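Single-structure report; data block below.
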Amino acid sequence: MPSTFDTVANIIAETCDIPRDTIQPESHAIDDLGIDSLDFLDIAFAIDKAFGIKLPLEQWTQEVNDGKATTEQYFVLKNLSARIDDLVAAKGA
Amino acid sequence: MRLEYFQLIDRITDLNLNDLTIRAEANVPQASTIFEGHFPGHPLMPGVLLIEAMAQTSGWLIVARNRFERMPFLATVKEAKLRTFVSPGQALVVSAKLAHEGSGFAIAEASIKAEGKPVCNAEITFRVMPFPNKDFRVSMEQVAARIELPLENAANG
């Protein structure tokens with residue numbers, strides 16, 4: 001069974017036509033991979049489907065805009081993967 | 001339809017908030033300035049306006065789903081297939097189903113039929129956000145009344 005990161009990386013590679021080997025756990029989806037908000041909707045859709053969750057993008061965006069969080073906390077892929085794991089765990093709780 | 005006013009659907013005929021589906025009537029006018037250019041001597045309903053009709057119908061489903069608290073804005077059109085020509089005077093039935101509700105976005109699968117035959121279909125993504133101002137929302141409520149959006153009678157569990 002692929003790791004959460006591998007699943008996310010594969011989704012990004014396929015959705016945004018980014019070479020898979022350039023997508024690393026430390027990659028920032030926006031700053032390093034150049035994914036814009038529209039492309040991220042496709043990624044969020046695929047992640048929602050793959051994991052049976054609903055990524056709280058609006059909440060994250062609000063927190064970043066309010067200065068309560070940094071984009072790194074949500075959009076560096078290892079952090080994004082950890083958030084997904086948390087959401088999956090919360091769903092099963 | 002009033003093409004010049006971007007009114008692409010005439011009446012919502014069915015809204016089901018359990019199944020998250022909607023259906024609308026859209027009657028192509030016999031005459032429109034648009035047909036003078038598309039095309040001279042061979043009037044056809046522009047494909048982009050068929051896509052807009054699907055987007056508007058899907059959009060009303062999302063508005064109804066959110067009880068006029070949030071407004072969908074067209075973001076992506078995927079897999080749009082225009083399967084046959086549409087001529088002035090044709091009666092269209094536009095259908096849509098909400099395929100996914102994300103955080104701040106929604107995806108609908110929409111299609112149009114004429115005389116029971118497929119005309120076009122697409123997967124449409126919307127950004128969904130609070131109405132930017134009250135006047136806009138009031139205007140949309142007025143449009144909803146004109147197209148008979150059956151919000152109160154919709155199956156909603």
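Labels used: A, B, ... for chains in the order of the structure tokens, numbers from 1 for residues in each chain, and numbers from 1 for ligands as shown.
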Dump as a tab-separated table the rows for residues of segment 54-129 of chain B within 6 Å of segment 15-39 of chain B: closest atom pair and distance in Å with one decimal, only C-alpha atoms counted, ordered by chain and rising residue number.
residue	atom	partner	partner_atom	distance
B:Pro88	CA	B:Gln30	CA	4.6
B:Gly89	CA	B:Gln30	CA	4.6
B:Gln90	CA	B:Val28	CA	5.4
B:Ala91	CA	B:Asn27	CA	4.4
B:Leu92	CA	B:Ala26	CA	5.0
B:Val93	CA	B:Glu25	CA	4.9
B:Val94	CA	B:Ala24	CA	5.1
B:Ser95	CA	B:Arg23	CA	4.4
B:Ala96	CA	B:Ile22	CA	5.4
B:Lys97	CA	B:Thr21	CA	4.4
B:Leu98	CA	B:Leu20	CA	5.5
Go ahead and dump the residues you just picked, N, CA and C atoms, as a PDB file, in the first residue's frame.
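Listed below is the output, again05.pdb:
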ATOM      1  N   PRO B  88     -31.791  27.353 -34.072  1.00  0.00           N
ATOM      2  CA  PRO B  88     -32.806  28.240 -33.493  1.00  0.00           C
ATOM      3  C   PRO B  88     -34.148  27.518 -33.372  1.00  0.00           C
ATOM      4  N   GLY B  89     -34.811  27.758 -32.251  1.00  0.00           N
ATOM      5  CA  GLY B  89     -36.132  27.195 -32.035  1.00  0.00           C
ATOM      6  C   GLY B  89     -36.146  25.848 -31.335  1.00  0.00           C
ATOM      7  N   GLN B  90     -34.997  25.247 -31.136  1.00  0.00           N
ATOM      8  CA  GLN B  90     -34.983  23.924 -30.484  1.00  0.00           C
ATOM      9  C   GLN B  90     -35.217  24.042 -28.981  1.00  0.00           C
ATOM     10  N   ALA B  91     -35.921  23.045 -28.444  1.00  0.00           N
ATOM     11  CA  ALA B  91     -36.160  22.977 -27.000  1.00  0.00           C
ATOM     12  C   ALA B  91     -35.126  22.053 -26.374  1.00  0.00           C
ATOM     13  N   LEU B  92     -34.422  22.571 -25.377  1.00  0.00           N
ATOM     14  CA  LEU B  92     -33.369  21.800 -24.731  1.00  0.00           C
ATOM     15  C   LEU B  92     -33.750  21.480 -23.291  1.00  0.00           C
ATOM     16  N   VAL B  93     -33.273  20.340 -22.835  1.00  0.00           N
ATOM     17  CA  VAL B  93     -33.394  19.976 -21.416  1.00  0.00           C
ATOM     18  C   VAL B  93     -31.978  19.874 -20.863  1.00  0.00           C
ATOM     19  N   VAL B  94     -31.704  20.692 -19.848  1.00  0.00           N
ATOM     20  CA  VAL B  94     -30.364  20.735 -19.252  1.00  0.00           C
ATOM     21  C   VAL B  94     -30.419  20.038 -17.895  1.00  0.00           C
ATOM     22  N   SER B  95     -29.504  19.112 -17.678  1.00  0.00           N
ATOM     23  CA  SER B  95     -29.478  18.363 -16.414  1.00  0.00           C
ATOM     24  C   SER B  95     -28.106  18.475 -15.787  1.00  0.00           C
ATOM     25  N   ALA B  96     -28.083  18.390 -14.455  1.00  0.00           N
ATOM     26  CA  ALA B  96     -26.793  18.385 -13.769  1.00  0.00           C
ATOM     27  C   ALA B  96     -26.903  17.602 -12.482  1.00  0.00           C
ATOM     28  N   LYS B  97     -25.772  17.030 -12.098  1.00  0.00           N
ATOM     29  CA  LYS B  97     -25.681  16.304 -10.834  1.00  0.00           C
ATOM     30  C   LYS B  97     -24.411  16.762 -10.131  1.00  0.00           C
ATOM     31  N   LEU B  98     -24.542  17.018  -8.847  1.00  0.00           N
ATOM     32  CA  LEU B  98     -23.362  17.423  -8.077  1.00  0.00           C
ATOM     33  C   LEU B  98     -22.508  16.191  -7.807  1.00  0.00           C
TER      34      LEU B  98
END
- What are the residues of chain A that have an atom within 7 Å of an atom of chain B, counting only C-alpha atoms, as a PyMOL selection string? chain A and resi 45+54-58
**Asked** Hey, what's within 12 Å of segment 68-79 of chain A if we count only C-alpha atoms and toss same-chain stuff fewer than 6 positions away? As a PyMOL selection string, please?
**Response** chain A and resi 3-12+23-37+40+43-44+55-62+85-86
Just write the chosen residues, N, CA, C and O atoms, as a compact mmCIF listing (two decimals), in the first residue's frame.
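Generated output (result-v3.txt):
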# COMPACT_ATOMS: atom_id res chain seq x y z
N SER A 3 2.42 4.95 0.51
CA SER A 3 2.32 5.90 1.62
C SER A 3 1.41 7.06 1.20
O SER A 3 1.13 7.25 0.01
N THR A 4 0.99 7.81 2.20
CA THR A 4 0.18 8.99 1.90
C THR A 4 0.94 9.93 0.98
O THR A 4 0.39 10.44 0.00
N PHE A 5 2.23 10.14 1.28
CA PHE A 5 3.03 11.03 0.43
C PHE A 5 3.06 10.51 -1.00
O PHE A 5 2.89 11.29 -1.95
N ASP A 6 3.29 9.21 -1.19
CA ASP A 6 3.36 8.68 -2.55
C ASP A 6 2.04 8.88 -3.29
O ASP A 6 2.03 9.22 -4.48
N THR A 7 0.94 8.67 -2.60
CA THR A 7 -0.36 8.88 -3.24
C THR A 7 -0.52 10.34 -3.65
O THR A 7 -0.95 10.64 -4.77
N VAL A 8 -0.16 11.25 -2.73
CA VAL A 8 -0.29 12.68 -3.04
C VAL A 8 0.64 13.06 -4.19
O VAL A 8 0.24 13.78 -5.11
N ALA A 9 1.87 12.56 -4.13
CA ALA A 9 2.83 12.90 -5.19
C ALA A 9 2.35 12.38 -6.54
O ALA A 9 2.48 13.07 -7.56
N ASN A 10 1.80 11.19 -6.54
CA ASN A 10 1.29 10.64 -7.81
C ASN A 10 0.12 11.47 -8.34
O ASN A 10 0.00 11.69 -9.54
N ILE A 11 -0.73 11.90 -7.43
CA ILE A 11 -1.86 12.75 -7.83
C ILE A 11 -1.34 14.05 -8.45
O ILE A 11 -1.81 14.50 -9.51
N ILE A 12 -0.37 14.66 -7.80
CA ILE A 12 0.17 15.93 -8.30
C ILE A 12 0.84 15.72 -9.66
O ILE A 12 0.65 16.51 -10.59
N ILE A 23 9.08 15.60 -7.37
CA ILE A 23 8.16 15.86 -6.25
C ILE A 23 8.68 15.15 -5.01
O ILE A 23 8.69 13.91 -4.96
N GLN A 24 9.13 15.92 -4.06
CA GLN A 24 9.75 15.37 -2.85
C GLN A 24 8.94 15.74 -1.62
O GLN A 24 8.14 16.69 -1.65
N PRO A 25 9.16 15.02 -0.50
CA PRO A 25 8.42 15.36 0.73
C PRO A 25 8.64 16.81 1.17
O PRO A 25 7.75 17.43 1.74
N GLU A 26 9.83 17.35 0.84
CA GLU A 26 10.12 18.72 1.25
C GLU A 26 9.61 19.76 0.25
O GLU A 26 9.73 20.96 0.49
N SER A 27 9.06 19.30 -0.87
CA SER A 27 8.59 20.24 -1.90
C SER A 27 7.41 21.05 -1.39
O SER A 27 6.48 20.50 -0.78
N HIS A 28 7.45 22.35 -1.68
CA HIS A 28 6.31 23.22 -1.38
C HIS A 28 5.45 23.26 -2.63
O HIS A 28 5.94 23.62 -3.72
N ALA A 29 4.19 22.89 -2.48
CA ALA A 29 3.32 22.76 -3.66
C ALA A 29 3.26 24.05 -4.48
O ALA A 29 3.24 24.01 -5.71
N ILE A 30 3.24 25.17 -3.80
CA ILE A 30 3.11 26.45 -4.50
C ILE A 30 4.48 26.99 -4.91
O ILE A 30 4.73 27.27 -6.08
N ASP A 31 5.37 27.11 -3.93
CA ASP A 31 6.65 27.80 -4.19
C ASP A 31 7.61 26.95 -5.02
O ASP A 31 8.35 27.49 -5.84
N ASP A 32 7.64 25.66 -4.79
CA ASP A 32 8.60 24.80 -5.50
C ASP A 32 8.01 24.18 -6.75
O ASP A 32 8.68 24.05 -7.77
N LEU A 33 6.76 23.76 -6.68
CA LEU A 33 6.16 23.03 -7.80
C LEU A 33 5.33 23.94 -8.71
O LEU A 33 4.91 23.53 -9.79
N GLY A 34 5.07 25.16 -8.25
CA GLY A 34 4.37 26.13 -9.10
C GLY A 34 2.90 25.83 -9.30
O GLY A 34 2.31 26.24 -10.31
N ILE A 35 2.32 25.13 -8.36
CA ILE A 35 0.90 24.79 -8.48
C ILE A 35 0.07 26.00 -8.06
O ILE A 35 0.25 26.55 -6.97
N ASP A 36 -0.85 26.43 -8.94
CA ASP A 36 -1.68 27.58 -8.58
C ASP A 36 -3.00 27.10 -7.94
O ASP A 36 -3.26 25.90 -7.83
N SER A 37 -3.80 28.06 -7.52
CA SER A 37 -5.00 27.70 -6.74
C SER A 37 -5.99 26.90 -7.57
O SER A 37 -6.69 26.03 -7.05
N PHE A 40 -4.81 23.46 -7.78
CA PHE A 40 -4.92 22.81 -6.48
C PHE A 40 -6.35 22.30 -6.23
O PHE A 40 -6.54 21.37 -5.45
N ILE A 43 -6.29 18.90 -7.50
CA ILE A 43 -5.54 18.04 -6.57
C ILE A 43 -6.41 17.74 -5.34
O ILE A 43 -6.48 16.59 -4.88
N ALA A 44 -7.07 18.75 -4.83
CA ALA A 44 -7.92 18.56 -3.65
C ALA A 44 -9.04 17.57 -3.96
O ALA A 44 -9.37 16.70 -3.14
N LEU A 55 -10.56 17.95 2.32
CA LEU A 55 -9.48 18.86 2.74
C LEU A 55 -10.08 20.21 3.09
O LEU A 55 -10.76 20.81 2.25
N PRO A 56 -9.81 20.73 4.27
CA PRO A 56 -10.42 22.02 4.68
C PRO A 56 -9.68 23.22 4.09
O PRO A 56 -9.10 24.03 4.83
N LEU A 57 -9.70 23.32 2.77
CA LEU A 57 -8.90 24.35 2.10
C LEU A 57 -9.29 25.76 2.53
O LEU A 57 -8.43 26.63 2.68
N GLU A 58 -10.59 25.97 2.70
CA GLU A 58 -11.02 27.33 3.08
C GLU A 58 -10.48 27.71 4.46
O GLU A 58 -10.03 28.83 4.68
N GLN A 59 -10.54 26.76 5.37
CA GLN A 59 -10.04 27.02 6.73
C GLN A 59 -8.54 27.29 6.69
O GLN A 59 -8.05 28.23 7.33
N TRP A 60 -7.81 26.50 5.94
CA TRP A 60 -6.36 26.68 5.84
C TRP A 60 -6.02 28.04 5.24
O TRP A 60 -5.13 28.74 5.72
N THR A 61 -6.73 28.38 4.16
CA THR A 61 -6.48 29.66 3.50
C THR A 61 -6.75 30.82 4.46
O THR A 61 -5.98 31.79 4.53
N GLN A 62 -7.84 30.68 5.21
CA GLN A 62 -8.18 31.74 6.18
C GLN A 62 -7.10 31.88 7.24
O GLN A 62 -6.70 32.99 7.61
N ASP A 85 -3.29 12.39 6.91
CA ASP A 85 -3.34 11.26 7.86
C ASP A 85 -4.22 11.62 9.06
O ASP A 85 -5.00 10.78 9.54
N ASP A 86 -4.09 12.86 9.53
CA ASP A 86 -4.91 13.29 10.68
C ASP A 86 -6.40 13.26 10.32
O ASP A 86 -7.24 12.83 11.12
Hey, what's within 12 Å of Gly92 of chain A if we count only C-alpha atoms and toss same-chain stuff fewer than 3 positions away? As a PDB file with N, CA, C and O atoms, in the first residue's frame, please?
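Once written, part-v3.pdb looks like this:
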ATOM      1  N   PHE A  51      -8.841   9.557  -0.413  1.00  0.00           N
ATOM      2  CA  PHE A  51      -8.789   9.285   1.024  1.00  0.00           C
ATOM      3  C   PHE A  51     -10.163   9.340   1.703  1.00  0.00           C
ATOM      4  O   PHE A  51     -10.266   9.077   2.904  1.00  0.00           O
ATOM      5  N   GLY A  52     -11.186   9.696   0.945  1.00  0.00           N
ATOM      6  CA  GLY A  52     -12.522   9.779   1.544  1.00  0.00           C
ATOM      7  C   GLY A  52     -12.634  10.866   2.585  1.00  0.00           C
ATOM      8  O   GLY A  52     -13.310  10.702   3.605  1.00  0.00           O
ATOM      9  N   ILE A  53     -11.977  11.984   2.316  1.00  0.00           N
ATOM     10  CA  ILE A  53     -11.989  13.105   3.274  1.00  0.00           C
ATOM     11  C   ILE A  53     -12.376  14.384   2.542  1.00  0.00           C
ATOM     12  O   ILE A  53     -12.650  14.350   1.334  1.00  0.00           O
ATOM     13  N   ASP A  85      -3.288  12.395   6.908  1.00  0.00           N
ATOM     14  CA  ASP A  85      -3.341  11.258   7.862  1.00  0.00           C
ATOM     15  C   ASP A  85      -4.220  11.617   9.064  1.00  0.00           C
ATOM     16  O   ASP A  85      -5.001  10.782   9.541  1.00  0.00           O
ATOM     17  N   ASP A  86      -4.092  12.863   9.534  1.00  0.00           N
ATOM     18  CA  ASP A  86      -4.905  13.289  10.676  1.00  0.00           C
ATOM     19  C   ASP A  86      -6.401  13.256  10.323  1.00  0.00           C
ATOM     20  O   ASP A  86      -7.236  12.829  11.123  1.00  0.00           O
ATOM     21  N   LEU A  87      -6.705  13.730   9.123  1.00  0.00           N
ATOM     22  CA  LEU A  87      -8.115  13.770   8.708  1.00  0.00           C
ATOM     23  C   LEU A  87      -8.675  12.348   8.547  1.00  0.00           C
ATOM     24  O   LEU A  87      -9.825  12.089   8.898  1.00  0.00           O
ATOM     25  N   VAL A  88      -7.850  11.477   7.992  1.00  0.00           N
ATOM     26  CA  VAL A  88      -8.293  10.077   7.826  1.00  0.00           C
ATOM     27  C   VAL A  88      -8.512   9.445   9.200  1.00  0.00           C
ATOM     28  O   VAL A  88      -9.515   8.746   9.428  1.00  0.00           O
ATOM     29  N   ALA A  89      -7.594   9.723  10.132  1.00  0.00           N
ATOM     30  CA  ALA A  89      -7.725   9.156  11.477  1.00  0.00           C
ATOM     31  C   ALA A  89      -8.970   9.707  12.164  1.00  0.00           C
ATOM     32  O   ALA A  89      -9.704   8.972  12.838  1.00  0.00           O
TER      33      ALA A  89
END
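From atom CA of Ile51 of chain B back to atom CA of Pro150 of chain B, the distance works out to 22.9 Å.
Of the listed residues (B:Val77, B:Ser111, B:Ser87, B:Pro72), B:Ser111 comes nearest to Met54 of chain B; the distances count only C-alpha atoms.
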Could you find all residues in segment 8-106 of chain B that DSSP calls strand (DSSP E) from the backbone, and write them as a VMD selection string?
-> chain B and resid 11 to 16 21 to 27 70 to 82 91 to 101 105 to 106
Computed gap from atom CA of Lys81 of chain B to atom CA of Met45 of chain B is 14.4 Å
Discussion item. I'd like the interatomic distance between atom CA of Leu61 of chain B and atom CA of Asp14 of chain B, to a tenth of an Å.
Written reply: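 Calculated distance between atom CA of Leu61 of chain B and atom CA of Asp14 of chain B is 10.0 Å.
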